[in-house]
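All remarks here apply to the structure that follows.
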Amino acid sequence: MEKVAGWYPAWHVALLYWTWLFLFTFGFTGAEITCRSCHSQVKLQQQHPQQGLLMHLRTDRGEKEQRRFPGEKGGERGQGAGMEAEDAGLQETLAPAPAGTKFSGWETRRLTREPEKAAGARRPRAAAPTEDYPPRGRGIPPGGGRPGSVRRRRRGRIPRGAAGREPGEAGAARFGLEELRLGSTTFALAGDSAHNQAMVHWSGHNSSVILILTKLYDYNLGSITESSLWRSTDYGTTYEKLNDKVGLKTILSYLYVCPTNKRKIMLLTDPEVESSLLISSDEGATYQKYRLNFYIHSLLFHPKQEDWILAYSQDQKLFSSVEFGRRWLLLHEGVAPNRFYWSMMGSGREPDLVHLEAKTVDGHAQYITCKMQNCSEATRSKPFPGYIDHNSLIVQDDYVFVQLTSGGRPHYYVSYRRNAFAQMKLPKYSLPKDMHVISTDENQVFAAVQEWNQNDTYNLYISDTRGVYFTLALENVKSSQGLEGNLMIDLYEVAGIKGMFLANKKIDNQVKTFITYNKGRDWSLLQAPDTDLRGNPIHCLLPYCSLHLHLKVSDNPYTSGNIASRDTAPSIIVASGNIGTELSDNDISMFVSSDAGNTWRQIFEEEHSVLYLDQGGVLVAMKHTSLPIRHLWLSFDEGRSWSKYSFTSLPLFVDGVLGEPGEETLIMTVFGHFSHRSEWQLVKVDYKSIFDRRCAEEDYKPWQLHSQGEACIMGAKRIYRKRKSEKKCMQGKYAAAMTSEPCVCTEADFDCDYGYERHSNGQCLPAFWYNPSSLSKDCSLGQSYLNSTGYRKVVSNNCTDGVRERYTAKPQQCPGKAPQGLRIITSDGKLTAEQGHNVTFLVQLEEGDLQRSLIQVDFGDGITVSYANLSSTEDGIKHIYQNVGIFRVTVLVENSLGSDNAVLYLHITCPLEHVHLSLPFVTTKNKEVNATAVLWPSQVGTLTYVWWFGNNTEPLITLEGSITFTFSVEGMNTITVQVSAGNTILQDTKTIAVYEQFQSLRLSFSANLDDYNPDIPEWRRDISRVVKRALVEATGISSKHILVAVLPGLPTSAELFILPYQDATGEHKRTAADLEQISETLIQKLNQNLVHFELKPGVQILVHAAHLTAAPLVDLTPSHSGSAMLMLLSVVFVGLAVFIIYKFKRKYFHSC
């Protein structure tokens, strides 16, 4: 979302159509890749390596330069934006599957927290600036194409001049008129005025080093043509250009920083020129260059080992390095994009284990784990049995998710702490068509599910600890499409307060904002402020009127979102929104809450960008504007009053703002330019001078977190320390101190368990589809199971005693029970399998004493197996079928109380390799023709044949490989057959000549032709063409009257057909007498040995007349067929005998 910041006097209103977009971020350079969040921007997985922030600055190229985010057309995948300065875009790989990770049909992502460290970064090869960002310098004026002016692109209202207003009535924000001065220095990046991209790394945490990589992206060439590397060692007061240290001709494309040791820097050269790495171990002071034999597409740093890196190449290969990129080892080929992860177990076991999704030889997707230095076939593991859907593997914290589609429905599976996979259980009739895993924090899965009857909304579900059983948290949460086509769900997790969320819910076509303090157990509307900015009373009565907030958080570090909160300032929330009956894009104002969402105050009438300084002790606001600015606003009392400060002597077009990483954040760098063609200006703003001392203990007061007066939140009373509003001291590390004590459990601390729904009286009762008496599959006589009360305590709730005992599930002895609900399925859900391959059967039982049940499986091929109990079949029952066919697989489960059985019909097939359509070359009009599909191999299992005749558009479908058909029109006709065997479909097409009458003559050849006859269809077709040409040349007869078909087998022979060709006018059709004359001419030339052809240099082949035949012959097989040839020769000899007897008694040749 585009944002601009700054102020301008009222007389500038007339200049608003000259707009310049300006990019501003909330102060930190850390990575906000968890997608914005809860209001999740759902994107394809972005495992960002630690890289500098990518800034798209204004350029003087005008509108011709279409600005795009990396990953859009003009760039590739890159994801350097969306990060706060916590690590200057250097994202720690703390989340193996950060926000925006998409399955084929679902995604996973992190909740929005600001800042939040994420995992690695994706790098575009040569990314173009995003369309969201303004060009630097000249643009296109609204009325024409002349460079020099710019067009306004930001949506907004005409400013009403809220800033600078005199103090209003009680409750209104106060604005000081006196202009104060902040300490600042300005540095120009000389020679880089044409550069339109920049990446910034600010080490922070007691380091004064800042690195800036500026680049010129040429939109016509689609590549980077220039780059400059700048380094500051004094917090940005001055910069040194390092082009000579990396090579004057070297073009750099990306900057990465090790997340666990920020002294280690990695630069990538532009692959259009060369593929190399430049590595520094001294915060970018010196570099060593290393050549690469592959092109890096993306990097993933290890979250703990500073020298371990995974690199994904542009040809889908995964490499690993244990030397920070100095040497690389090929790990695996055919890896799915963005589907590789470091092992992220909380216990830290196997830190060198890599999870990846790879493509098999036959095109399926498979989940594989292996060691980073040894991923051979022998050492790989396949934790999920069978194949998974493409692009569906997610590894996040203690959870692994995969998707498998069967029967047209997606099924989702989860593994908790690397145990066996279990199918995720949503309410029975939710029937999800899309799913996004939003969060896996605190040993619980938060998911957004679009159910079968939803289009633009999602339902929020929350799971048990294992991530298997889900219950509804909130219905109909608003969703929308982002600028890059990514899904955005309006859900926001407030930083610093466990269990607190904001969500925009759609009710009767109106979108309203709701808040929860207990992870979705209870939701309520937001109370609007009592007064407006001027102190006038606001009459807004719940539930008819309330405050509504926009919950979008920007992915770009230089563009602010609509809402912000910080872990270090847990009570302060700043957001844009409106007051009324529903959320609106009109009349947007800025609001702040200093008591964690209980009450709100209006602070500006237009949208502003807000930066948290000194752990939230100071708020910095810049108004969104297209004009150059020199002022900003500071508040020391959580937005109650604001003071005006100038940060530069000359008005500056602001391109972006970057805050110092670390907890205190007292230095800020403003990126911009003084004019459309000036050098980049870096303004270092030091806020230390506004404080007169550090805060002491007496400068703080206690503040208790509450929800509309209720102090027990998530089972505990939490008291924070806040700086007194009248104290203007620097907090340092005193902020965010908290004490907590548990509360007595009440019904409000419990949510409904799986299968139960909350009714209007507050009780959790079984859903109509749920049978509470159904037992766990692992329950056996003599054991115990947890019998649900219909309630389960909210995960991470810390309450004790009270009603805890009453609502907690009770252990109960397992009663003996007869087997019920038996099912047998294949592990991949398919009813077909290939001959000679392992088939894995899964036996499922809804109820029954599993440990004391006997299981018998009859595979239908004469083999039967027995198992003592169902637990021994958890990994599946494997069997190999040696023959093709349809097999009836039966399973019987019985115990002392009863039995149950199930049946599955399995089709075993053999891969179909070739199909050949056999039919006569010529036939008579209105005479039945037999067409046969000859297969190789001949036994492949269940087949379906689809036939097309002539110009008919409607096919004929049969289960037999032979069919008869009658042609009623003379001429050349085609027959096509498609044979379907399992997932394989093969096709063959043949042409047949149809006439009322024709003659045929058998041809033979000189014996030497047999030495060169491979007896394959292609050779026969080529020789037929050569013989036909030789006949035409020897006799002068038109080729339209001749059809030659070389027959299969040895000795080599052919059939010559003499056809009654009719010209296009329909006249001059040949009669029987004409055909007789042509036949005599042909026989004469053949008997005179005048028909011959050269097979190869020095090899002459003579063509002879052999015998007349009574009917056209048929090419029965593409290769040798002994029985077919015997039958064929028998027919030939019988016909020959008849011919000899009657030859001289007939006037004409035998006519068909």
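Quick note on naming: the chains in the structure tokens go A, B, ... in the order shown, residues restart at 1 in each chain, and ligands are numbered from 1 in order of appearance.
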
So that I can check the surroundings of Ala188 (chain A), please list as a ChimeraX atom specification every protein, DNA and RNA residue that reaches within 7 Å of it, counting only C-alpha atoms and ignoring chain neighbours fewer than 5 positions away. /A:679-682

Can you build me a table of region 227-261 of chain A residues sitting at most 7 Å from region 298-313 of chain A, with the closest atom pair per residue and its distance in Å to one decimal, using only C-alpha atoms, sorted by chain and residue number, as a tab-separated table?
```
residue	atom	partner	partner_atom	distance
A:Cys258	CA	A:Glu306	CA	6.3
A:Thr260	CA	A:Glu306	CA	5.5
A:Asn261	CA	A:Glu306	CA	6.3
```

Next, the residues of the selection above should be written as a compact mmCIF listing (two decimals), in the first residue's frame with N, CA, C and O atoms.
```txt
# COMPACT_ATOMS: atom_id res chain seq x y z
N CYS A 258 24.86 -12.15 7.52
CA CYS A 258 24.64 -13.33 8.36
C CYS A 258 23.75 -12.93 9.55
O CYS A 258 24.07 -11.97 10.25
N THR A 260 23.29 -14.37 12.39
CA THR A 260 23.86 -14.66 13.71
C THR A 260 25.21 -14.00 13.93
O THR A 260 25.74 -14.05 15.04
N ASN A 261 25.77 -13.39 12.91
CA ASN A 261 27.02 -12.63 13.05
C ASN A 261 27.01 -11.55 11.99
O ASN A 261 27.40 -11.76 10.85
```

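Taking CA of Ser635 (chain A) and CA of Ala564 (chain A) as endpoints, the distance between them is 15.6 Å.
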
10 Å contact set for region 972-977 of chain A, only C-alpha atoms, chain neighbours under 6 positions out, as an NGL selection string = :A and (915-917 or 919 or 922 or 931-933 or 945-952 or 955-957 or 961 or 965 or 986-995)

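Near region 996-1009 of chain A, within a cut-off of 6 Å and counting only C-alpha atoms, sit the residues Thr924, Lys925, Asp1011, Tyr1012, Ser1053, Ala1054, Glu1055, Leu1056, Phe1057, Ile1058, Leu1059, Ile1101, Leu1102, Val1103, His1104, Ala1105, Ala1106, His1107, Leu1108, Ser1151 and Cys1152 of chain A, with same-chain residues fewer than 2 positions away left out.
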
Exercise for review: Determine, counting only C-alpha atoms, which protein, DNA and RNA residues have an atom within 7 Å of an atom of Thr789 (chain A); residues of the same chain fewer than 3 positions away are not included. Present the result as a ChimeraX atom specification.
Suggested key: /A:807-809

Store the residues picked out above in a file with C-alpha atoms, as an mmCIF file, in the first residue's frame.
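As written to disk, out-v9.cif reads:
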```
data_model
loop_
_atom_site.group_PDB
_atom_site.id
_atom_site.type_symbol
_atom_site.label_atom_id
_atom_site.label_comp_id
_atom_site.auth_asym_id
_atom_site.auth_seq_id
_atom_site.Cartn_x
_atom_site.Cartn_y
_atom_site.Cartn_z
ATOM 1 C CA TYR A 807 -13.826 -28.517 32.519
ATOM 2 C CA THR A 808 -10.682 -30.608 32.038
ATOM 3 C CA ALA A 809 -11.010 -33.913 30.151
#
```

Atom pair CA of Phe967 (chain A) + CA of Lys927 (chain A), distance 7.0 Å

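In terms of minimum interatomic distance to Arg640 (chain A), A:Gly176 ranks closest within A:Gly790, A:Gly885, A:Gly821, A:Gly176, counting only C-alpha atoms.
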
Discussion item. Env of Tyr295 (chain A): 12 Å cut, atoms = only C-alpha atoms, seq-sep filter 6 positions within chain, self excluded. Answer as a PyMOL selection string.
Written reply: chain A and resi 123-125+268-277+311-319

Leu502 (chain A) proximity check over A:Pro537, A:Pro427, A:Gly597, A:Pro937, using only C-alpha atoms: winner is A:Gly597

Between A:Met435, A:Cys545, A:Ile603, A:Leu1095, smallest distance to Leu533 (chain A) by only C-alpha atoms belongs to A:Ile603

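In this comparison, which uses only C-alpha atoms, the residue of A:Leu487, A:Ala365, A:Ile824, A:Val843 approaching Arg888 (chain A) most closely is A:Ile824.
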
Close residues, Leu892 (chain A) itself excluded, 7 Å, only C-alpha atoms, min 5 positions apart in chain, as a compact mmCIF listing (two decimals) with all heavy atoms, in the first residue's frame:
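Here's the written file out_1.txt:
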```txt
# COMPACT_ATOMS: atom_id res chain seq x y z
N ILE A 855 -6.91 -58.99 12.38
CA ILE A 855 -7.10 -58.37 11.07
C ILE A 855 -6.65 -59.35 10.00
O ILE A 855 -5.53 -59.88 10.08
CB ILE A 855 -6.31 -57.06 10.94
CG1 ILE A 855 -6.73 -56.08 12.04
CG2 ILE A 855 -6.50 -56.44 9.57
CD1 ILE A 855 -5.86 -54.87 12.11
N GLN A 856 -7.49 -59.60 9.02
CA GLN A 856 -7.15 -60.44 7.87
C GLN A 856 -7.35 -59.63 6.59
O GLN A 856 -8.40 -59.02 6.40
CB GLN A 856 -8.02 -61.69 7.84
CG GLN A 856 -7.73 -62.68 8.97
CD GLN A 856 -8.57 -63.94 8.85
OE1 GLN A 856 -9.60 -63.94 8.18
NE2 GLN A 856 -8.12 -65.00 9.48
N VAL A 857 -6.35 -59.67 5.73
CA VAL A 857 -6.41 -58.95 4.46
C VAL A 857 -6.20 -59.95 3.33
O VAL A 857 -5.18 -60.65 3.28
CB VAL A 857 -5.36 -57.83 4.39
CG1 VAL A 857 -5.47 -57.09 3.05
CG2 VAL A 857 -5.53 -56.86 5.54
N ASP A 900 -16.24 -56.62 11.51
CA ASP A 900 -16.62 -55.70 10.43
C ASP A 900 -15.73 -56.00 9.25
O ASP A 900 -14.59 -56.50 9.41
CB ASP A 900 -16.48 -54.24 10.86
CG ASP A 900 -17.24 -53.28 9.94
OD1 ASP A 900 -17.95 -53.78 9.04
OD2 ASP A 900 -17.12 -52.05 10.13
N ASN A 901 -16.20 -55.73 8.04
CA ASN A 901 -15.39 -56.00 6.86
C ASN A 901 -15.54 -54.86 5.86
O ASN A 901 -16.50 -54.07 5.93
CB ASN A 901 -15.76 -57.33 6.22
CG ASN A 901 -17.22 -57.35 5.77
OD1 ASN A 901 -17.57 -56.74 4.76
ND2 ASN A 901 -18.07 -58.06 6.52
N ALA A 902 -14.60 -54.78 4.96
CA ALA A 902 -14.60 -53.74 3.93
C ALA A 902 -13.99 -54.31 2.66
O ALA A 902 -13.17 -55.25 2.72
CB ALA A 902 -13.84 -52.51 4.39
```

Exercise. Pull the helix (DSSP H, G or I) assignments for region 209-297 of chain A out of DSSP run on the backbone, and list those residues as a ChimeraX atom specification.
Key: /A:243-246

Between CA of Phe841 (chain A) and CA of Ile880 (chain A), measure the distance and give it in Å to one decimal.
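Those two atoms sit 11.0 Å apart.
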
task: Considering only C-alpha atoms, state which residue in the set A:Asn220, A:Val361, A:Leu330, A:Ser228 is at the smallest distance from Ala190 (chain A).
output: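 Nearest to Ala190 (chain A): A:Ser228.
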
Using only C-alpha atoms, the residue out of A:Thr568, A:Ser193, A:Gln820, A:Ser788 with shortest distance to Glu846 (chain A) is A:Gln820
